[in-house]
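This report refers to the structure that appears directly beneath it.
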Amino acid sequence: LRGLVYLVLGFALLGRASTMASIKVDDVSLDAEHITIVLVKEKGKNHLPGGRRLQLSRAALPQLARLLEHWLARRAAAWVRAHADDQPPPRQHQLLFALPADRRADILAAASASCTAWLATACRHLGAEPPPGTCWSSHSLRSGGASAARKAGAPLEAVRHLGGWAATSNVVQHYIDPLYADDPGCGMYFNYLAPRSHPAAAPSQAVPPP
């Protein structure tokens, strides 16, 4: 479940491994209208006090909202079971993707390896394999998400903002594959970013909840 949640959230946020691994439970909040995520550790944005706040529409991303609620509940239950003896949980329990058997130092010091391992677990569960001669890593979610967002009609400024690139950065172009195959999943994740006049902004077909 952790691998699947990381796959979905990392793709939806075009997230760097170091950023995703550093998200804490308290950085994520959901209400009737919004999914709010505070990104505290982002390359080139350490000058922002308290991190960068992304507020996503729950109506636009209902599957993501349900998945996060499910993960938060299951994760909390796992920590309660692990510390039923009333001993205080270790510091890593604050991290969104940490489970009782993990070590905080391993997750944060080797964020790329941790996130790539979670992604590999999710792919094995789904029976998905990269094309011959290639591999998938944590950065694949960043480039894949950026490519999917553009395919769904998201303007470059929206892709830059979501992924944490500088407002005038051309580096984002290296992450976008212009040959990215059209797929209903592009719209499911990123229709909310597309101008309403764009064809891809039409409501996507309903997808069963996770």
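So you can find residues: chains in the structure tokens are A, B, ... in the order shown, residues in each start at 1, and ligands are numbered from 1 in order.
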Need the shell around region 192-196 of chain A: protein/DNA/RNA residues with any atom at most 9 Å away, counting only C-alpha atoms. Skip same-chain ones fewer than 5 positions apart. Format as a list of chain:residue names? A:Ser57, A:Ala60, A:Leu61, A:Ala149, A:Arg150, A:Ala152, A:Gly153, A:Ala154, A:Pro155, A:Ala158, A:Val159, A:Gly187, A:Ala201, A:Ala202
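Omitting Arg52 (chain A) and its sequence neighbours fewer than 6 positions away, and counting only C-alpha atoms, the residues within 12 Å are A:Thr19, A:Ile23, A:Asp27, A:Thr36, A:Ile37, A:Val38, A:Leu39, A:Val40, A:Lys41, A:Glu42, A:Lys43, A:Gly44, A:Lys45, A:Asn46, A:His161, A:Leu162, A:Gly163, A:Gly164.
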Could you turn the residues from that selection into a file that holds N, CA, C and O atoms, as a PDB file, in the first residue's frame?
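Okay, part.pdb is ready:
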ATOM      1  N   THR A  19      12.011  15.500  -1.599  1.00  0.00           N
ATOM      2  CA  THR A  19      10.818  16.223  -1.145  1.00  0.00           C
ATOM      3  C   THR A  19       9.763  15.254  -0.636  1.00  0.00           C
ATOM      4  O   THR A  19       9.188  15.451   0.450  1.00  0.00           O
ATOM      5  N   ILE A  23       8.042  14.594   3.531  1.00  0.00           N
ATOM      6  CA  ILE A  23       6.695  15.013   3.912  1.00  0.00           C
ATOM      7  C   ILE A  23       6.303  14.356   5.234  1.00  0.00           C
ATOM      8  O   ILE A  23       6.487  13.148   5.417  1.00  0.00           O
ATOM      9  N   ASP A  27       1.936  17.623   7.493  1.00  0.00           N
ATOM     10  CA  ASP A  27       2.000  18.452   6.282  1.00  0.00           C
ATOM     11  C   ASP A  27       0.839  18.172   5.338  1.00  0.00           C
ATOM     12  O   ASP A  27       0.695  18.858   4.319  1.00  0.00           O
ATOM     13  N   THR A  36      -4.588  19.651   0.961  1.00  0.00           N
ATOM     14  CA  THR A  36      -3.509  20.608   1.175  1.00  0.00           C
ATOM     15  C   THR A  36      -2.251  19.868   1.598  1.00  0.00           C
ATOM     16  O   THR A  36      -2.281  19.054   2.524  1.00  0.00           O
ATOM     17  N   ILE A  37      -1.159  20.143   0.896  1.00  0.00           N
ATOM     18  CA  ILE A  37       0.121  19.501   1.178  1.00  0.00           C
ATOM     19  C   ILE A  37       1.187  20.584   1.267  1.00  0.00           C
ATOM     20  O   ILE A  37       1.321  21.414   0.361  1.00  0.00           O
ATOM     21  N   VAL A  38       1.919  20.595   2.351  1.00  0.00           N
ATOM     22  CA  VAL A  38       3.014  21.537   2.537  1.00  0.00           C
ATOM     23  C   VAL A  38       4.320  20.820   2.229  1.00  0.00           C
ATOM     24  O   VAL A  38       4.622  19.781   2.824  1.00  0.00           O
ATOM     25  N   LEU A  39       5.073  21.360   1.299  1.00  0.00           N
ATOM     26  CA  LEU A  39       6.357  20.787   0.895  1.00  0.00           C
ATOM     27  C   LEU A  39       7.461  21.605   1.551  1.00  0.00           C
ATOM     28  O   LEU A  39       7.741  22.735   1.151  1.00  0.00           O
ATOM     29  N   VAL A  40       8.056  21.042   2.585  1.00  0.00           N
ATOM     30  CA  VAL A  40       9.031  21.780   3.384  1.00  0.00           C
ATOM     31  C   VAL A  40      10.423  21.698   2.778  1.00  0.00           C
ATOM     32  O   VAL A  40      11.175  22.680   2.796  1.00  0.00           O
ATOM     33  N   LYS A  41      10.773  20.551   2.239  1.00  0.00           N
ATOM     34  CA  LYS A  41      12.121  20.372   1.685  1.00  0.00           C
ATOM     35  C   LYS A  41      12.045  20.315   0.169  1.00  0.00           C
ATOM     36  O   LYS A  41      11.636  19.306  -0.408  1.00  0.00           O
ATOM     37  N   GLU A  42      12.410  21.416  -0.477  1.00  0.00           N
ATOM     38  CA  GLU A  42      12.404  21.483  -1.933  1.00  0.00           C
ATOM     39  C   GLU A  42      13.685  22.141  -2.428  1.00  0.00           C
ATOM     40  O   GLU A  42      14.110  23.176  -1.895  1.00  0.00           O
ATOM     41  N   LYS A  43      14.256  21.569  -3.438  1.00  0.00           N
ATOM     42  CA  LYS A  43      15.481  22.110  -4.022  1.00  0.00           C
ATOM     43  C   LYS A  43      15.245  23.552  -4.477  1.00  0.00           C
ATOM     44  O   LYS A  43      14.296  23.836  -5.203  1.00  0.00           O
ATOM     45  N   GLY A  44      16.133  24.453  -4.026  1.00  0.00           N
ATOM     46  CA  GLY A  44      16.057  25.845  -4.439  1.00  0.00           C
ATOM     47  C   GLY A  44      14.986  26.666  -3.760  1.00  0.00           C
ATOM     48  O   GLY A  44      14.796  27.839  -4.099  1.00  0.00           O
ATOM     49  N   LYS A  45      14.269  26.096  -2.783  1.00  0.00           N
ATOM     50  CA  LYS A  45      13.183  26.840  -2.140  1.00  0.00           C
ATOM     51  C   LYS A  45      13.318  26.863  -0.624  1.00  0.00           C
ATOM     52  O   LYS A  45      12.330  27.018   0.097  1.00  0.00           O
ATOM     53  N   ASN A  46      14.537  26.721  -0.154  1.00  0.00           N
ATOM     54  CA  ASN A  46      14.753  26.746   1.294  1.00  0.00           C
ATOM     55  C   ASN A  46      14.496  28.121   1.894  1.00  0.00           C
ATOM     56  O   ASN A  46      14.414  28.262   3.114  1.00  0.00           O
ATOM     57  N   HIS A 161       5.000  25.295 -11.583  1.00  0.00           N
ATOM     58  CA  HIS A 161       4.568  25.560 -10.203  1.00  0.00           C
ATOM     59  C   HIS A 161       4.326  24.258  -9.449  1.00  0.00           C
ATOM     60  O   HIS A 161       4.788  24.107  -8.308  1.00  0.00           O
ATOM     61  N   LEU A 162       3.618  23.330 -10.065  1.00  0.00           N
ATOM     62  CA  LEU A 162       3.307  22.071  -9.380  1.00  0.00           C
ATOM     63  C   LEU A 162       4.571  21.316  -9.026  1.00  0.00           C
ATOM     64  O   LEU A 162       4.699  20.784  -7.922  1.00  0.00           O
ATOM     65  N   GLY A 163       5.522  21.262  -9.957  1.00  0.00           N
ATOM     66  CA  GLY A 163       6.743  20.498  -9.726  1.00  0.00           C
ATOM     67  C   GLY A 163       7.839  21.244  -9.005  1.00  0.00           C
ATOM     68  O   GLY A 163       8.903  20.664  -8.738  1.00  0.00           O
ATOM     69  N   GLY A 164       7.615  22.514  -8.686  1.00  0.00           N
ATOM     70  CA  GLY A 164       8.601  23.259  -7.925  1.00  0.00           C
ATOM     71  C   GLY A 164       9.752  23.811  -8.732  1.00  0.00           C
ATOM     72  O   GLY A 164      10.786  24.190  -8.158  1.00  0.00           O
TER      73      GLY A 164
END
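In this structure, CA of Glu33 (chain A) sits 5.2 Å away from CA of Arg58 (chain A).
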Find the residues around Cys186 (chain A) up to 7 Å (only C-alpha atoms counted), leave out those fewer than 2 positions away in its own chain, and share them as a PyMOL selection string. chain A and resi 148-149+151-152+183-184+188-190
Next, write the just-selected residues to a file, as a PDB file, in the first residue's frame, keeping all heavy atoms as the atom set.
ATOM      1  N   ALA A 148       2.673  13.893 -18.598  1.00  0.00           N
ATOM      2  CA  ALA A 148       1.229  13.657 -18.577  1.00  0.00           C
ATOM      3  C   ALA A 148       0.458  14.958 -18.399  1.00  0.00           C
ATOM      4  O   ALA A 148      -0.603  15.156 -19.014  1.00  0.00           O
ATOM      5  CB  ALA A 148       0.880  12.676 -17.464  1.00  0.00           C
ATOM      6  N   ALA A 149       0.979  15.850 -17.568  1.00  0.00           N
ATOM      7  CA  ALA A 149       0.304  17.127 -17.354  1.00  0.00           C
ATOM      8  C   ALA A 149       0.252  17.939 -18.646  1.00  0.00           C
ATOM      9  O   ALA A 149      -0.782  18.531 -18.979  1.00  0.00           O
ATOM     10  CB  ALA A 149       1.021  17.917 -16.260  1.00  0.00           C
ATOM     11  N   LYS A 151       0.368  16.696 -21.663  1.00  0.00           N
ATOM     12  CA  LYS A 151      -0.543  15.984 -22.571  1.00  0.00           C
ATOM     13  C   LYS A 151      -1.999  16.321 -22.233  1.00  0.00           C
ATOM     14  O   LYS A 151      -2.857  16.386 -23.124  1.00  0.00           O
ATOM     15  CB  LYS A 151      -0.298  14.482 -22.481  1.00  0.00           C
ATOM     16  CG  LYS A 151      -1.189  13.631 -23.358  1.00  0.00           C
ATOM     17  CD  LYS A 151      -0.975  13.914 -24.849  1.00  0.00           C
ATOM     18  CE  LYS A 151       0.369  13.424 -25.339  1.00  0.00           C
ATOM     19  NZ  LYS A 151       0.487  13.509 -26.832  1.00  0.00           N
ATOM     20  N   ALA A 152      -2.285  16.550 -20.965  1.00  0.00           N
ATOM     21  CA  ALA A 152      -3.643  16.907 -20.549  1.00  0.00           C
ATOM     22  C   ALA A 152      -3.973  18.367 -20.812  1.00  0.00           C
ATOM     23  O   ALA A 152      -5.100  18.802 -20.566  1.00  0.00           O
ATOM     24  CB  ALA A 152      -3.833  16.604 -19.061  1.00  0.00           C
ATOM     25  N   ASP A 183      -3.411   9.003 -22.834  1.00  0.00           N
ATOM     26  CA  ASP A 183      -3.922   7.982 -21.927  1.00  0.00           C
ATOM     27  C   ASP A 183      -4.974   8.623 -21.034  1.00  0.00           C
ATOM     28  O   ASP A 183      -4.815   9.767 -20.614  1.00  0.00           O
ATOM     29  CB  ASP A 183      -2.775   7.418 -21.071  1.00  0.00           C
ATOM     30  CG  ASP A 183      -3.228   6.272 -20.198  1.00  0.00           C
ATOM     31  OD1 ASP A 183      -3.769   6.548 -19.108  1.00  0.00           O
ATOM     32  OD2 ASP A 183      -3.043   5.119 -20.595  1.00  0.00           O
ATOM     33  N   PRO A 184      -6.067   7.927 -20.724  1.00  0.00           N
ATOM     34  CA  PRO A 184      -7.085   8.508 -19.837  1.00  0.00           C
ATOM     35  C   PRO A 184      -6.523   8.946 -18.497  1.00  0.00           C
ATOM     36  O   PRO A 184      -7.051   9.862 -17.861  1.00  0.00           O
ATOM     37  CB  PRO A 184      -8.096   7.377 -19.678  1.00  0.00           C
ATOM     38  CG  PRO A 184      -7.918   6.518 -20.887  1.00  0.00           C
ATOM     39  CD  PRO A 184      -6.461   6.599 -21.227  1.00  0.00           C
ATOM     40  N   MET A 188      -7.223  12.116 -15.713  1.00  0.00           N
ATOM     41  CA  MET A 188      -7.639  11.821 -14.349  1.00  0.00           C
ATOM     42  C   MET A 188      -6.767  12.573 -13.340  1.00  0.00           C
ATOM     43  O   MET A 188      -7.242  13.051 -12.311  1.00  0.00           O
ATOM     44  CB  MET A 188      -7.567  10.317 -14.089  1.00  0.00           C
ATOM     45  CG  MET A 188      -8.077   9.906 -12.715  1.00  0.00           C
ATOM     46  SD  MET A 188      -7.991   8.122 -12.447  1.00  0.00           S
ATOM     47  CE  MET A 188      -6.231   7.881 -12.234  1.00  0.00           C
ATOM     48  N   TYR A 189      -5.476  12.683 -13.641  1.00  0.00           N
ATOM     49  CA  TYR A 189      -4.548  13.366 -12.742  1.00  0.00           C
ATOM     50  C   TYR A 189      -4.496  14.876 -12.955  1.00  0.00           C
ATOM     51  O   TYR A 189      -4.342  15.629 -11.998  1.00  0.00           O
ATOM     52  CB  TYR A 189      -3.126  12.823 -12.945  1.00  0.00           C
ATOM     53  CG  TYR A 189      -2.815  11.545 -12.221  1.00  0.00           C
ATOM     54  CD1 TYR A 189      -3.052  10.315 -12.804  1.00  0.00           C
ATOM     55  CD2 TYR A 189      -2.252  11.569 -10.949  1.00  0.00           C
ATOM     56  CE1 TYR A 189      -2.745   9.138 -12.154  1.00  0.00           C
ATOM     57  CE2 TYR A 189      -1.935  10.396 -10.280  1.00  0.00           C
ATOM     58  CZ  TYR A 189      -2.187   9.180 -10.889  1.00  0.00           C
ATOM     59  OH  TYR A 189      -1.881   8.025 -10.234  1.00  0.00           O
ATOM     60  N   PHE A 190      -4.602  15.323 -14.217  1.00  0.00           N
ATOM     61  CA  PHE A 190      -4.197  16.699 -14.513  1.00  0.00           C
ATOM     62  C   PHE A 190      -5.218  17.534 -15.284  1.00  0.00           C
ATOM     63  O   PHE A 190      -4.904  18.653 -15.684  1.00  0.00           O
ATOM     64  CB  PHE A 190      -2.866  16.688 -15.280  1.00  0.00           C
ATOM     65  CG  PHE A 190      -1.750  16.045 -14.518  1.00  0.00           C
ATOM     66  CD1 PHE A 190      -1.205  14.834 -14.942  1.00  0.00           C
ATOM     67  CD2 PHE A 190      -1.251  16.626 -13.361  1.00  0.00           C
ATOM     68  CE1 PHE A 190      -0.171  14.234 -14.244  1.00  0.00           C
ATOM     69  CE2 PHE A 190      -0.215  16.025 -12.636  1.00  0.00           C
ATOM     70  CZ  PHE A 190       0.327  14.828 -13.080  1.00  0.00           C
TER      71      PHE A 190
END
Computed gap from CA of Ser143 (chain A) to CA of His174 (chain A) is 8.3 Å
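Distances from A:Ser147, A:Ala167, A:His125, A:Ala59 to Asp182 (chain A) were compared using only C-alpha atoms, and the smallest one belongs to A:Ser147.
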Just asking: which residues within region 7-125 of chain A are helix (DSSP H, G or I) according to DSSP, as a ChimeraX atom specification? /A:7-13,17-22,25-27,62-82,91-94,104-109,111-125
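For Gly3 (chain A), the residues within 9 Å (counting only C-alpha atoms, excluding itself and residues fewer than 5 positions away along the chain) are Val8, Phe97, Cys115, Ala117, Trp118, Leu119, Ala120, Thr121, Ala122 and Cys123 of chain A.
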Store the residues picked out above, limited to all heavy atoms, as an mmCIF file, in the first residue's frame.
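Output below, filename selection_3.cif:
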data_model
loop_
_atom_site.group_PDB
_atom_site.id
_atom_site.type_symbol
_atom_site.label_atom_id
_atom_site.label_comp_id
_atom_site.auth_asym_id
_atom_site.auth_seq_id
_atom_site.Cartn_x
_atom_site.Cartn_y
_atom_site.Cartn_z
ATOM 1 N N VAL A 8 1.246 7.144 -6.659
ATOM 2 C CA VAL A 8 0.166 8.055 -7.048
ATOM 3 C C VAL A 8 0.483 9.491 -6.636
ATOM 4 O O VAL A 8 0.370 10.429 -7.440
ATOM 5 C CB VAL A 8 -1.167 7.597 -6.423
ATOM 6 C CG1 VAL A 8 -2.249 8.651 -6.622
ATOM 7 C CG2 VAL A 8 -1.604 6.279 -7.040
ATOM 8 N N PHE A 97 5.477 8.598 4.967
ATOM 9 C CA PHE A 97 5.673 7.268 4.386
ATOM 10 C C PHE A 97 6.401 6.299 5.320
ATOM 11 O O PHE A 97 6.747 5.191 4.908
ATOM 12 C CB PHE A 97 6.435 7.371 3.061
ATOM 13 C CG PHE A 97 5.616 7.990 1.959
ATOM 14 C CD1 PHE A 97 5.881 9.274 1.516
ATOM 15 C CD2 PHE A 97 4.562 7.296 1.385
ATOM 16 C CE1 PHE A 97 5.124 9.853 0.505
ATOM 17 C CE2 PHE A 97 3.791 7.867 0.382
ATOM 18 C CZ PHE A 97 4.076 9.145 -0.060
ATOM 19 N N CYS A 115 12.573 5.837 -2.135
ATOM 20 C CA CYS A 115 11.443 6.081 -3.027
ATOM 21 C C CYS A 115 11.464 5.136 -4.221
ATOM 22 O O CYS A 115 10.414 4.654 -4.666
ATOM 23 C CB CYS A 115 11.447 7.538 -3.488
ATOM 24 S SG CYS A 115 11.064 8.724 -2.173
ATOM 25 N N ALA A 117 12.646 2.130 -4.193
ATOM 26 C CA ALA A 117 12.214 0.827 -3.677
ATOM 27 C C ALA A 117 10.702 0.775 -3.521
ATOM 28 O O ALA A 117 10.064 -0.235 -3.842
ATOM 29 C CB ALA A 117 12.903 0.541 -2.343
ATOM 30 N N TRP A 118 10.093 1.861 -3.028
ATOM 31 C CA TRP A 118 8.628 1.893 -2.901
ATOM 32 C C TRP A 118 7.974 1.801 -4.279
ATOM 33 O O TRP A 118 6.979 1.096 -4.458
ATOM 34 C CB TRP A 118 8.188 3.171 -2.193
ATOM 35 C CG TRP A 118 8.744 3.326 -0.814
ATOM 36 C CD1 TRP A 118 9.195 2.328 0.020
ATOM 37 C CD2 TRP A 118 8.933 4.549 -0.099
ATOM 38 N NE1 TRP A 118 9.651 2.864 1.193
ATOM 39 C CE2 TRP A 118 9.508 4.218 1.159
ATOM 40 C CE3 TRP A 118 8.686 5.889 -0.392
ATOM 41 C CZ2 TRP A 118 9.823 5.188 2.116
ATOM 42 C CZ3 TRP A 118 9.001 6.867 0.552
ATOM 43 C CH2 TRP A 118 9.564 6.517 1.791
ATOM 44 N N LEU A 119 8.545 2.509 -5.245
ATOM 45 C CA LEU A 119 8.012 2.459 -6.606
ATOM 46 C C LEU A 119 8.118 1.050 -7.179
ATOM 47 O O LEU A 119 7.178 0.542 -7.801
ATOM 48 C CB LEU A 119 8.765 3.456 -7.492
ATOM 49 C CG LEU A 119 8.432 3.441 -8.986
ATOM 50 C CD1 LEU A 119 6.957 3.765 -9.218
ATOM 51 C CD2 LEU A 119 9.315 4.427 -9.740
ATOM 52 N N ALA A 120 9.262 0.399 -6.960
ATOM 53 C CA ALA A 120 9.450 -0.959 -7.472
ATOM 54 C C ALA A 120 8.441 -1.927 -6.858
ATOM 55 O O ALA A 120 7.908 -2.807 -7.539
ATOM 56 C CB ALA A 120 10.878 -1.429 -7.184
ATOM 57 N N THR A 121 8.154 -1.748 -5.567
ATOM 58 C CA THR A 121 7.157 -2.591 -4.905
ATOM 59 C C THR A 121 5.783 -2.408 -5.543
ATOM 60 O O THR A 121 5.065 -3.384 -5.800
ATOM 61 C CB THR A 121 7.086 -2.237 -3.405
ATOM 62 O OG1 THR A 121 8.353 -2.500 -2.807
ATOM 63 C CG2 THR A 121 6.017 -3.058 -2.708
ATOM 64 N N ALA A 122 5.412 -1.154 -5.815
ATOM 65 C CA ALA A 122 4.120 -0.882 -6.443
ATOM 66 C C ALA A 122 4.058 -1.482 -7.843
ATOM 67 O O ALA A 122 3.039 -2.074 -8.233
ATOM 68 C CB ALA A 122 3.884 0.623 -6.508
ATOM 69 N N CYS A 123 5.132 -1.356 -8.604
ATOM 70 C CA CYS A 123 5.141 -1.882 -9.971
ATOM 71 C C CYS A 123 5.033 -3.403 -9.976
ATOM 72 O O CYS A 123 4.339 -3.981 -10.819
ATOM 73 C CB CYS A 123 6.400 -1.427 -10.701
ATOM 74 S SG CYS A 123 6.423 0.341 -11.086
#
